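A.B. asks: Dropping in query39.cif, with mmCIF, C-alpha atoms and all ligand atoms.
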```cif
data_input
#
loop_
_atom_site.label_atom_id
_atom_site.label_comp_id
_atom_site.auth_asym_id
_atom_site.auth_seq_id
_atom_site.Cartn_x
_atom_site.Cartn_y
_atom_site.Cartn_z
CA MET A 13 150.09 -247.07 -157.78
CA LYS A 14 150.39 -250.03 -160.12
CA ILE A 15 151.74 -253.56 -159.67
CA GLY A 16 152.20 -255.09 -163.08
CA PRO A 17 148.81 -254.70 -164.78
CA PHE A 18 146.95 -254.06 -161.51
CA GLN A 19 145.99 -250.48 -160.82
CA LEU A 20 145.51 -250.24 -157.05
CA VAL A 21 142.82 -247.95 -155.64
CA ASN A 22 145.39 -246.28 -153.36
CA LYS A 23 148.87 -246.68 -151.90
CA LEU A 24 147.90 -248.44 -148.65
CA PHE A 25 148.93 -252.04 -148.03
CA LEU A 26 147.95 -254.44 -145.28
CA ALA A 27 151.19 -256.24 -144.26
CA PRO A 28 151.24 -260.03 -144.43
CA MET A 29 150.96 -261.41 -140.88
CA ALA A 30 150.91 -265.15 -140.32
CA GLY A 31 147.96 -266.11 -138.15
CA VAL A 32 146.32 -262.72 -138.68
CA THR A 33 145.84 -261.78 -142.32
CA ASP A 34 143.50 -264.59 -143.23
CA ARG A 35 140.85 -264.06 -145.90
CA PRO A 36 138.23 -262.52 -143.54
CA PHE A 37 140.71 -259.96 -142.20
CA ARG A 38 142.07 -259.12 -145.65
CA GLN A 39 138.56 -258.57 -146.96
CA LEU A 40 137.66 -256.37 -144.01
CA CYS A 41 140.77 -254.21 -144.43
CA LYS A 42 140.16 -253.92 -148.17
CA ARG A 43 136.57 -252.85 -147.50
CA LEU A 44 137.82 -250.20 -145.08
CA GLY A 45 140.36 -248.75 -147.45
CA ALA A 46 143.41 -250.98 -147.92
CA GLY A 47 144.32 -250.87 -151.60
CA MET A 48 146.06 -254.20 -151.27
CA ALA A 49 146.27 -257.01 -148.73
CA VAL A 50 148.93 -259.69 -148.93
CA SER A 51 148.01 -263.16 -147.70
CA GLU A 52 149.71 -265.09 -144.95
CA MET A 53 152.90 -266.86 -145.93
CA VAL A 54 152.65 -270.25 -147.63
CA SER A 55 155.67 -272.52 -147.22
CA SER A 56 157.51 -273.66 -150.33
CA ASN A 57 157.64 -277.12 -148.77
CA SER A 58 155.14 -279.02 -150.90
CA LEU A 59 154.70 -281.63 -148.17
CA LEU A 60 152.66 -279.01 -146.33
CA TRP A 61 150.39 -278.07 -149.23
CA GLY A 62 147.84 -280.74 -148.45
CA SER A 63 147.48 -279.54 -144.88
CA GLU A 64 144.31 -277.84 -143.75
CA LYS A 65 146.32 -274.73 -142.80
CA THR A 66 147.92 -274.30 -146.21
CA ARG A 67 144.69 -275.01 -148.06
CA ARG A 68 143.01 -272.31 -146.01
CA ARG A 69 145.84 -269.90 -146.72
CA ALA A 70 145.46 -270.56 -150.44
CA ASN A 71 141.68 -270.03 -150.30
CA HIS A 72 140.63 -266.84 -152.08
CA ASP A 73 136.95 -267.54 -152.70
CA GLY A 74 135.14 -264.27 -153.17
CA GLU A 75 138.25 -262.21 -152.40
CA SER A 76 138.52 -258.92 -154.27
CA GLU A 77 141.37 -258.42 -156.71
CA PRO A 78 144.30 -258.35 -156.83
CA ARG A 79 144.95 -261.51 -154.82
CA SER A 80 148.53 -261.62 -153.61
CA VAL A 81 150.01 -264.69 -151.95
CA GLN A 82 153.28 -264.73 -150.07
CA ILE A 83 155.68 -267.63 -150.33
CA ALA A 84 158.75 -268.39 -148.24
CA GLY A 85 161.68 -270.72 -148.68
CA ALA A 86 165.32 -270.86 -149.72
CA ASP A 87 165.43 -273.38 -152.56
CA PRO A 88 164.93 -271.72 -155.97
CA VAL A 89 163.29 -274.84 -157.48
CA LEU A 90 160.89 -275.32 -154.57
CA MET A 91 160.07 -271.61 -154.57
CA ALA A 92 159.29 -271.77 -158.29
CA ASN A 93 157.00 -274.75 -157.67
CA ALA A 94 155.28 -272.94 -154.81
CA ALA A 95 154.70 -269.91 -157.03
CA ARG A 96 153.14 -272.10 -159.75
CA TYR A 97 150.96 -273.93 -157.20
CA ASN A 98 149.59 -270.67 -155.81
CA VAL A 99 148.96 -269.15 -159.23
CA ASP A 100 147.08 -272.34 -160.15
CA ASN A 101 145.01 -271.74 -157.00
CA GLY A 102 144.07 -268.18 -157.84
CA ALA A 103 147.02 -265.97 -156.85
CA GLN A 104 147.31 -262.98 -159.17
CA ILE A 105 150.53 -261.71 -157.58
CA ILE A 106 153.27 -263.73 -155.89
CA ASP A 107 155.06 -262.07 -153.00
CA ILE A 108 158.38 -263.47 -151.79
CA ASN A 109 159.14 -263.24 -148.09
CA MET A 110 162.70 -262.16 -147.29
CA GLY A 111 161.54 -260.06 -144.39
CA CYS A 112 160.47 -262.47 -141.71
CA PRO A 113 162.87 -263.07 -138.80
CA ALA A 114 160.88 -265.98 -137.35
CA LYS A 115 163.12 -268.80 -136.11
CA LYS A 116 161.01 -271.35 -137.93
CA VAL A 117 161.71 -269.53 -141.19
CA CYS A 118 165.28 -268.32 -140.60
CA ASN A 119 166.74 -271.58 -139.34
CA VAL A 120 166.24 -273.06 -142.77
CA MET A 121 167.85 -269.96 -144.29
CA ALA A 122 164.68 -268.40 -145.53
CA GLY A 123 162.87 -265.18 -144.68
CA SER A 124 165.25 -262.36 -143.75
CA ALA A 125 168.18 -264.78 -143.27
CA LEU A 126 168.45 -264.85 -147.05
CA LEU A 127 169.64 -261.24 -147.10
CA GLN A 128 173.06 -262.63 -146.09
CA ASP A 129 173.42 -264.49 -149.36
CA THR A 130 172.75 -262.11 -152.22
CA VAL A 131 173.73 -264.66 -154.89
CA LEU A 132 171.02 -266.98 -153.62
CA VAL A 133 168.59 -264.04 -153.48
CA GLY A 134 169.16 -263.47 -157.20
CA ARG A 135 168.71 -267.17 -158.00
CA ILE A 136 165.44 -267.37 -156.09
CA LEU A 137 164.05 -264.24 -157.72
CA ASP A 138 165.00 -265.45 -161.21
CA ALA A 139 163.48 -268.88 -160.62
CA VAL A 140 160.17 -267.55 -159.33
CA ILE A 141 159.84 -264.82 -161.95
CA HIS A 142 160.46 -267.33 -164.75
CA ALA A 143 158.02 -269.85 -163.26
CA VAL A 144 154.88 -267.69 -163.41
CA ASP A 145 153.36 -265.12 -165.69
CA VAL A 146 151.97 -262.93 -162.91
CA PRO A 147 153.82 -260.03 -161.22
CA VAL A 148 156.25 -261.08 -158.49
CA THR A 149 156.85 -258.74 -155.56
CA LEU A 150 159.41 -258.97 -152.77
CA LYS A 151 159.41 -258.08 -149.08
CA ILE A 152 162.71 -257.47 -147.30
CA ARG A 153 164.20 -255.88 -144.23
CA THR A 154 166.85 -253.16 -144.51
CA GLY A 155 169.60 -255.73 -144.07
CA TRP A 156 170.99 -258.56 -142.01
CA ASP A 157 172.12 -256.50 -139.02
CA LYS A 158 173.02 -252.88 -138.31
CA GLU A 159 176.54 -253.38 -139.78
CA HIS A 160 175.10 -254.99 -142.89
CA ARG A 161 172.29 -252.83 -144.17
CA ASN A 162 172.46 -254.19 -147.69
CA GLY A 163 168.92 -253.19 -148.66
CA VAL A 164 170.12 -251.02 -151.55
CA GLN A 165 172.15 -253.90 -152.99
CA VAL A 166 169.19 -256.31 -152.66
CA ALA A 167 166.84 -253.74 -154.21
CA LYS A 168 169.11 -253.44 -157.24
CA ILE A 169 169.21 -257.23 -157.60
CA ALA A 170 165.41 -257.25 -157.34
CA GLU A 171 164.99 -254.57 -160.00
CA GLN A 172 167.41 -256.36 -162.31
CA ALA A 173 165.51 -259.63 -161.87
CA GLY A 174 162.19 -258.02 -162.75
CA ILE A 175 160.50 -257.68 -159.36
CA ALA A 176 157.32 -255.61 -159.78
CA ALA A 177 157.33 -253.88 -156.37
CA LEU A 178 159.46 -254.01 -153.23
CA ALA A 179 158.20 -253.67 -149.65
CA VAL A 180 160.85 -252.75 -147.09
CA HIS A 181 160.46 -253.11 -143.32
CA GLY A 182 162.68 -250.47 -141.73
CA ARG A 183 164.50 -252.85 -139.41
CA THR A 184 167.36 -255.29 -139.84
CA ARG A 185 166.84 -258.95 -139.19
CA ALA A 186 168.88 -258.70 -135.98
CA CYS A 187 166.54 -255.96 -134.70
CA GLY A 188 163.61 -258.35 -134.58
CA TYR A 189 160.79 -256.02 -133.60
CA SER A 190 162.80 -254.01 -131.09
CA GLY A 191 163.72 -250.34 -131.33
CA VAL A 192 162.01 -248.08 -133.79
CA ALA A 193 161.93 -248.58 -137.52
CA GLU A 194 164.36 -246.36 -139.44
CA PHE A 195 163.44 -244.87 -142.76
CA ASP A 196 166.76 -243.51 -144.06
CA THR A 197 167.65 -246.86 -145.64
CA ILE A 198 164.21 -246.99 -147.25
CA ALA A 199 164.81 -243.48 -148.68
CA ALA A 200 168.20 -244.67 -150.02
CA ILE A 201 166.55 -247.71 -151.60
CA LYS A 202 163.86 -245.56 -153.21
CA ALA A 203 166.54 -243.25 -154.62
CA SER A 204 168.53 -246.13 -156.10
CA VAL A 205 165.91 -248.07 -158.08
CA ASN A 206 162.96 -247.37 -160.35
CA ILE A 207 160.51 -250.00 -159.13
CA PRO A 208 157.65 -249.10 -156.73
CA ILE A 209 158.82 -249.08 -153.11
CA ILE A 210 156.48 -249.68 -150.18
CA ALA A 211 157.66 -248.46 -146.78
CA ASN A 212 156.81 -250.54 -143.72
CA GLY A 213 157.41 -250.47 -139.99
CA ASP A 214 155.77 -248.75 -137.02
CA ILE A 215 153.22 -246.81 -139.09
CA THR A 216 150.50 -246.30 -136.51
CA SER A 217 148.67 -243.13 -137.54
CA PRO A 218 147.76 -240.99 -140.54
CA GLU A 219 150.42 -238.43 -139.59
CA LYS A 220 153.10 -241.13 -139.38
CA ALA A 221 152.05 -242.48 -142.78
CA LYS A 222 152.46 -239.02 -144.32
CA LEU A 223 155.77 -238.48 -142.55
CA VAL A 224 157.13 -241.78 -143.85
CA LEU A 225 155.91 -241.12 -147.39
CA ASP A 226 157.48 -237.63 -147.36
CA HIS A 227 160.74 -238.80 -145.78
CA THR A 228 161.32 -241.84 -147.99
CA GLY A 229 159.63 -240.79 -151.25
CA ALA A 230 158.11 -244.29 -151.19
CA ASP A 231 155.21 -245.09 -153.50
CA GLY A 232 153.13 -246.73 -150.78
CA VAL A 233 152.96 -247.59 -147.10
CA MET A 234 152.34 -250.99 -145.50
CA ILE A 235 150.62 -251.34 -142.15
CA GLY A 236 150.77 -254.43 -139.96
CA ARG A 237 150.27 -254.40 -136.22
CA ALA A 238 148.44 -251.07 -136.15
CA ALA A 239 145.62 -252.66 -138.17
CA GLN A 240 145.04 -255.36 -135.54
CA GLY A 241 141.72 -254.50 -133.93
CA ASN A 242 141.75 -251.27 -135.92
CA PRO A 243 140.99 -251.98 -139.59
CA TRP A 244 139.71 -248.36 -139.80
CA ILE A 245 143.31 -247.21 -139.89
CA PHE A 246 143.15 -247.51 -143.68
CA THR A 247 140.09 -245.22 -143.85
CA PHE A 248 141.84 -242.70 -141.58
CA ILE A 249 145.11 -242.69 -143.53
CA GLU A 250 143.39 -242.55 -146.90
CA HIS A 251 141.27 -239.57 -145.80
CA TYR A 252 144.20 -237.75 -144.22
CA LEU A 253 146.46 -238.15 -147.25
CA ARG A 254 143.66 -236.91 -149.52
CA THR A 255 142.35 -234.00 -147.43
CA GLY A 256 144.88 -233.24 -144.67
CA GLU A 257 142.04 -233.71 -142.16
CA LYS A 258 141.73 -236.29 -139.41
CA LEU A 259 138.56 -238.36 -139.09
CA ALA A 260 137.00 -238.99 -135.69
CA ALA A 261 137.22 -242.53 -134.26
CA PRO A 262 134.25 -244.71 -135.25
CA PRO A 263 131.33 -244.75 -132.78
CA THR A 264 131.04 -247.72 -130.42
CA SER A 265 128.06 -248.99 -132.40
CA GLU A 266 130.20 -249.25 -135.53
CA ILE A 267 133.04 -250.98 -133.69
CA ARG A 268 130.56 -253.52 -132.31
CA SER A 269 128.90 -254.20 -135.67
CA THR A 270 132.27 -254.48 -137.46
CA LEU A 271 133.66 -256.86 -134.84
CA ARG A 272 130.44 -258.91 -134.91
CA GLU A 273 130.62 -259.19 -138.68
CA HIS A 274 134.35 -260.00 -138.48
CA VAL A 275 133.93 -262.87 -136.01
CA LYS A 276 131.00 -264.27 -137.98
CA GLN A 277 133.22 -264.36 -141.06
CA LEU A 278 135.83 -266.19 -138.99
CA TYR A 279 133.27 -268.82 -137.87
CA GLU A 280 132.29 -269.32 -141.48
CA PHE A 281 135.86 -269.49 -142.80
CA TYR A 282 137.36 -271.77 -140.13
CA GLY A 283 134.25 -273.53 -138.89
CA GLU A 284 132.82 -272.71 -135.46
CA HIS A 285 135.29 -274.70 -133.33
CA VAL A 286 138.48 -273.14 -134.77
CA GLY A 287 136.80 -269.82 -135.71
CA LEU A 288 135.82 -269.18 -132.10
CA ARG A 289 139.44 -269.59 -131.03
CA VAL A 290 140.88 -267.47 -133.87
CA ALA A 291 138.30 -264.79 -133.00
CA ARG A 292 139.65 -264.50 -129.44
CA LYS A 293 142.80 -262.64 -130.42
CA HIS A 294 140.87 -260.23 -132.66
CA ILE A 295 138.33 -259.57 -129.89
CA SER A 296 141.26 -258.82 -127.57
CA TRP A 297 142.71 -256.33 -130.02
CA TYR A 298 139.38 -254.55 -130.57
CA SER A 299 138.81 -254.24 -126.82
CA LYS A 300 142.36 -253.15 -125.93
CA GLY A 301 142.59 -249.83 -124.13
CA ARG A 302 138.83 -249.64 -123.52
CA PRO A 303 137.34 -249.38 -120.00
CA GLY A 304 136.81 -252.84 -118.54
CA GLY A 305 138.74 -254.41 -121.44
CA ALA A 306 141.01 -256.60 -119.31
CA ALA A 307 138.14 -258.18 -117.35
CA PHE A 308 136.18 -258.64 -120.57
CA ARG A 309 139.09 -260.45 -122.25
CA HIS A 310 139.57 -262.67 -119.23
CA ALA A 311 135.93 -263.71 -119.41
CA VAL A 312 135.43 -263.91 -123.18
CA ASN A 313 138.50 -266.11 -123.64
CA ARG A 314 136.81 -268.76 -121.53
CA VAL A 315 133.53 -269.16 -123.37
CA ASP A 316 133.14 -272.11 -125.69
CA THR A 317 130.21 -271.36 -127.96
CA VAL A 318 129.80 -268.78 -130.68
CA GLN A 319 126.47 -267.67 -129.16
CA GLN A 320 128.19 -266.89 -125.86
CA GLN A 321 131.05 -265.14 -127.63
CA LEU A 322 128.67 -262.95 -129.66
CA SER A 323 126.51 -262.07 -126.71
CA MET A 324 129.57 -261.11 -124.63
CA ILE A 325 130.72 -258.81 -127.43
CA ASP A 326 127.27 -257.20 -127.42
CA ASP A 327 127.26 -256.79 -123.64
CA PHE A 328 130.74 -255.30 -123.57
CA PHE A 329 130.06 -252.69 -126.23
CA ASP A 330 126.52 -251.95 -124.90
CA ASN A 331 128.06 -251.20 -121.52
CA LEU A 332 130.67 -248.96 -123.14
CA ASP A 333 127.84 -247.10 -124.88
CA SER A 334 125.85 -246.56 -121.69
CA ASP A 335 129.01 -245.58 -119.74
CA MET A 336 129.73 -242.96 -122.37
CA GLU A 337 126.14 -241.67 -122.25
CA GLN A 338 126.38 -241.36 -118.46
CA ALA A 339 129.70 -239.53 -118.74
CA ALA A 340 128.26 -237.09 -121.32
C1 LIG A 401 152.00 -261.66 -136.01
C2 LIG A 401 152.89 -261.27 -137.16
C3 LIG A 401 153.07 -262.13 -138.23
C4 LIG A 401 153.88 -261.77 -139.30
N1 LIG A 401 153.99 -262.63 -140.36
C5 LIG A 401 154.69 -262.23 -141.46
C6 LIG A 401 154.73 -263.04 -142.61
O1 LIG A 401 154.13 -264.13 -142.67
N2 LIG A 401 155.43 -262.59 -143.67
C7 LIG A 401 156.11 -261.38 -143.66
O2 LIG A 401 156.74 -261.00 -144.65
N3 LIG A 401 156.09 -260.59 -142.57
C8 LIG A 401 155.39 -260.97 -141.49
N4 LIG A 401 155.31 -260.15 -140.41
C9 LIG A 401 155.95 -258.82 -140.46
C10 LIG A 401 154.96 -257.75 -140.94
O3 LIG A 401 154.55 -257.99 -142.27
C11 LIG A 401 155.58 -256.33 -140.87
O4 LIG A 401 156.69 -256.28 -141.72
C12 LIG A 401 156.01 -255.96 -139.46
O5 LIG A 401 155.01 -256.28 -138.50
C13 LIG A 401 156.32 -254.45 -139.36
O6 LIG A 401 155.20 -253.68 -139.69
P1 LIG A 401 154.28 -252.99 -138.54
O7 LIG A 401 155.20 -252.18 -137.67
O8 LIG A 401 153.32 -252.13 -139.31
O9 LIG A 401 153.64 -254.09 -137.79
C14 LIG A 401 154.54 -260.50 -139.31
C15 LIG A 401 154.35 -259.63 -138.23
C16 LIG A 401 153.54 -259.99 -137.16
C17 LIG A 401 153.35 -259.01 -136.03
#
```
So that I can check it, write out the structure of this file as C-alpha cells.

C.D. replies:
Amino acid sequence: MKIGPFQLVNKLFLAPMAGVTDRPFRQLCKRLGAGMAVSEMVSSNSLLWGSEKTRRRANHDGESEPRSVQIAGADPVLMANAARYNVDNGAQIIDINMGCPAKKVCNVMAGSALLQDTVLVGRILDAVIHAVDVPVTLKIRTGWDKEHRNGVQVAKIAEQAGIAALAVHGRTRACGYSGVAEFDTIAAIKASVNIPIIANGDITSPEKAKLVLDHTGADGVMIGRAAQGNPWIFTFIEHYLRTGEKLAAPPTSEIRSTLREHVKQLYEFYGEHVGLRVARKHISWYSKGRPGGAAFRHAVNRVDTVQQQLSMIDDFFDNLDSDMEQAA
C-alpha cells in the first residue's frame, strides 16, 4: 500500500503507543516485518517541545523510512505549528491523533474527544494539511460512544480535507479498551471513502489479521498491544498472508538475543539510568506466560545496573532452554 509518495513494503502497521513505540521499538518491529511504525504522540503544546521527553520522541536518527510522527491537540493553529516543527525535525508523514481516550488528552478536548465536534475536526485537518507538504494521516475511533458511531462521517471529512490514509480503532471513545473491537463500522468506513483504511483493534494473531482484512476490506492492519514483547507478530502475519501457512514460534535463543539487543538499544537511546527502567516493562512482556516468569519479573525489576539486568535475562532464558531440553 502507498501513503502519499511512500510505497510501503507491506500492509502491516505498528500502532502508536505512548511510552512504548520509541525509536528502538519501532526499528525492531520494522526489522521484523512492520511496513510502517508510527511514533509516540507529540503534544501540540509548544511549551513542551524543549523537554527531554519530546526531544526524544522527535528523534529519528538512523530510523528507516518513512518516518511518521503523531501529533495531538485541539487548536488548529497549534496543531499546524506542531506539524511544521516535526517535519523540520525529520518527520516524513504527520499522523493526527483523534483516537486516544487518555484523560490527559481528552480533558483538553483532543484525542478521541474531538470526534464529538466534527466542525473542529475539519478545521484541524485543513490547518495541518495546509501547513506541511508531507502526507497527513489520521487515527480515529469508530465514534464518540455506541450511540454516536460517526466514523463514516469523520472519514468523509478526512477524505475531503486530503488525508492520505485513515487508521480506525474498532472501539468508541466510551469503550476505552473494554469489550472486543468491532469491525462492522470499519467495513462501513472502507465502503464509503476512497482513501486507504487501516483496521486496528484486538489483532493478536495472523488468522485474526486475515479475518479483519477480509471482513472490512481494509487496506492494512495496525497492531498495538499484541506486539509488546512479541515483535515477531509482524513476521508471522506477513508470512501467513503471503502463504497461508503459520510459522513456528522463534526458539528461546532467538528470543533471548532479540531481547538483549532491544534492551541494549534502550540503554543507548535513553542513557543507562532511564534505559534500564524503560527496559523493565519490555522484559516483563517478553517473559509473560513463560515458566518462572513471575518470579523472574519480581527479581529483575529490582536490579539497578545494566550488567545485572543483562545477566538476569541470560540466566532466565538459559534456564528455559535447559528446562525444555530436559522435557524433550
Ligand atoms: C500503552 C498504550 C499507549 C497508547 N498510546 C497511543 C497514542 O499515543 N496515540 C494513539 O493514537 N493511540 C495510542 N494507543 C492506542 C493504540 O494505538 C491502539 O489503537 C489500541 O491499543 C488498539 O490496538 P490493539 O488492540 O492492537 O492494541 C495506545 C495504546 C496503548 C496500549

A.B. asks: Which is closest to ligand LIG 401 (chain A) among A:Leu271, A:Ala49, A:Leu225, A:Val205, if we use all atoms listed in the file?

C.D. replies: A:Ala49

A.B. asks: Neighbours of ligand LIG 401 (chain A) within 6 Å, counting all atoms listed in the file, as JSON, numbers by chain?

C.D. replies: {"A": [27, 28, 29, 30, 52, 53, 109, 111, 112, 151, 181, 212, 213, 214, 215, 235, 236, 237, 238]}

A.B. asks: Give me, as a ChimeraX atom specification, all polymer residues having an atom no more than 8 Å from Pro243 in chain A, counting all atoms listed in the file and skipping those fewer than 2 positions away in the same chain.

C.D. replies: /A:40-41,44,239-241,245-246

A.B. asks: Which one is closest to Leu288 in chain A: A:Arg68, A:Lys258, A:Lys220, A:Arg272? Count all atoms listed in the file.

C.D. replies: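 Among the listed residues, the smallest separation from Leu288 in chain A belongs to A:Arg272.
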
A.B. asks: Report, in Å with one decimal, the straight-line distance from CA of Tyr279 in chain A to CA of His310 in chain A.

C.D. replies: 20.6 Å

A.B. asks: What are the nearest atom pairs, with distances in Å to one decimal, for all residues of range 61-150 of chain A that come at most 12 Å from range 20-23 of chain A, using all atoms listed in the file, set out by chain and rising residue number as CSV?

C.D. replies:
```
residue,atom,partner,partner_atom,distance
A:Ser76,CA,A:Leu20,CA,11.5
A:Glu77,CA,A:Leu20,CA,9.2
A:Pro78,CA,A:Leu20,CA,8.2
A:Arg79,CA,A:Leu20,CA,11.5
```

A.B. asks: Excluding range 170-175 of chain A and its own-chain neighbours fewer than 3 positions away, which residues fall within 10 Å of it when counting all atoms listed in the file? Please give them as a PyMOL selection string.

C.D. replies: chain A and resi 15-16+107-108+133-142+147-150+164-167+178+204-208

A.B. asks: So how many Å separate CA of Lys14 in chain A and CA of Gly47 in chain A, to one decimal?

C.D. replies: 10.5 Å

A.B. asks: Can you work out the spacing between CA of Ile325 in chain A and CA of Ser296 in chain A in Å, to one decimal?

C.D. replies: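 CA of Ile325 in chain A sits 10.5 Å away from CA of Ser296 in chain A.
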
A.B. asks: List the neighbours of Gly305 in chain A out to 10 Å using only C-alpha atoms; skip same-chain residues closer than 5 positions along the sequence, and give me the result as a VMD selection string.

C.D. replies: chain A and resid 295 to 300 310 to 311 328 332

A.B. asks: Between A:Gln104, A:Asn98, A:Asn331, A:Asn242, which one has atoms that come closest to Pro17 in chain A, using all atoms listed in the file?

C.D. replies: A:Gln104

A.B. asks: Let me make sure I understand: among A:Ala306, A:Ile249, A:Leu322, A:Val131, which one has the smallest atom-to-atom distance to Arg268 in chain A if we use all atoms listed in the file?

C.D. replies: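 Using all atoms listed in the file, the shortest distance to Arg268 in chain A belongs to A:Leu322.
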
A.B. asks: Can you pull out the residues contacting Ser265 in chain A? Cut-off 8 Å, using all atoms listed in the file, and skip same-chain residues under 2 positions away; I want them as a PyMOL selection string.

C.D. replies: chain A and resi 263+267-269+329+333

A.B. asks: Between A:Asp87, A:Asp231, A:Asp326, A:Glu266, single out the one closest to Phe25 in chain A, counting all atoms listed in the file.

C.D. replies: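 Closest to Phe25 in chain A, using all atoms listed in the file: A:Asp231.
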
A.B. asks: Please identify all polymer residues within 12 Å of Ala193 in chain A, counting all atoms listed in the file, omitting same-chain residues fewer than 2 positions from it, and present them as a short mmCIF file (atom, residue, chain, number, x, y, z; two decimals) with C-alpha atoms, in the frame of the given file.

C.D. replies:
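Once everything was written out, this is part_38.cif:
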```cif
data_model
loop_
_atom_site.label_atom_id
_atom_site.label_comp_id
_atom_site.auth_asym_id
_atom_site.auth_seq_id
_atom_site.Cartn_x
_atom_site.Cartn_y
_atom_site.Cartn_z
CA ARG A 153 164.20 -255.88 -144.23
CA THR A 154 166.85 -253.16 -144.51
CA LYS A 158 173.02 -252.88 -138.31
CA VAL A 180 160.85 -252.75 -147.09
CA HIS A 181 160.46 -253.11 -143.32
CA GLY A 182 162.68 -250.47 -141.73
CA ARG A 183 164.50 -252.85 -139.41
CA THR A 184 167.36 -255.29 -139.84
CA ARG A 185 166.84 -258.95 -139.19
CA CYS A 187 166.54 -255.96 -134.70
CA GLY A 188 163.61 -258.35 -134.58
CA TYR A 189 160.79 -256.02 -133.60
CA SER A 190 162.80 -254.01 -131.09
CA GLY A 191 163.72 -250.34 -131.33
CA PHE A 195 163.44 -244.87 -142.76
CA ASP A 196 166.76 -243.51 -144.06
CA THR A 197 167.65 -246.86 -145.64
CA ILE A 198 164.21 -246.99 -147.25
CA ALA A 211 157.66 -248.46 -146.78
CA ASN A 212 156.81 -250.54 -143.72
CA GLY A 213 157.41 -250.47 -139.99
CA ASP A 214 155.77 -248.75 -137.02
CA ILE A 215 153.22 -246.81 -139.09
CA THR A 216 150.50 -246.30 -136.51
CA LYS A 220 153.10 -241.13 -139.38
CA VAL A 224 157.13 -241.78 -143.85
#
```

A.B. asks: Go through A:Gly85, A:Gly287, A:Pro262, A:Gly163 one by one, measure the shortest atom-to-atom distance of each to Asp34 in chain A using only C-alpha atoms, and give the residue with the smallest value.

C.D. replies: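 For Asp34 in chain A, the nearest of the candidates is A:Gly287.
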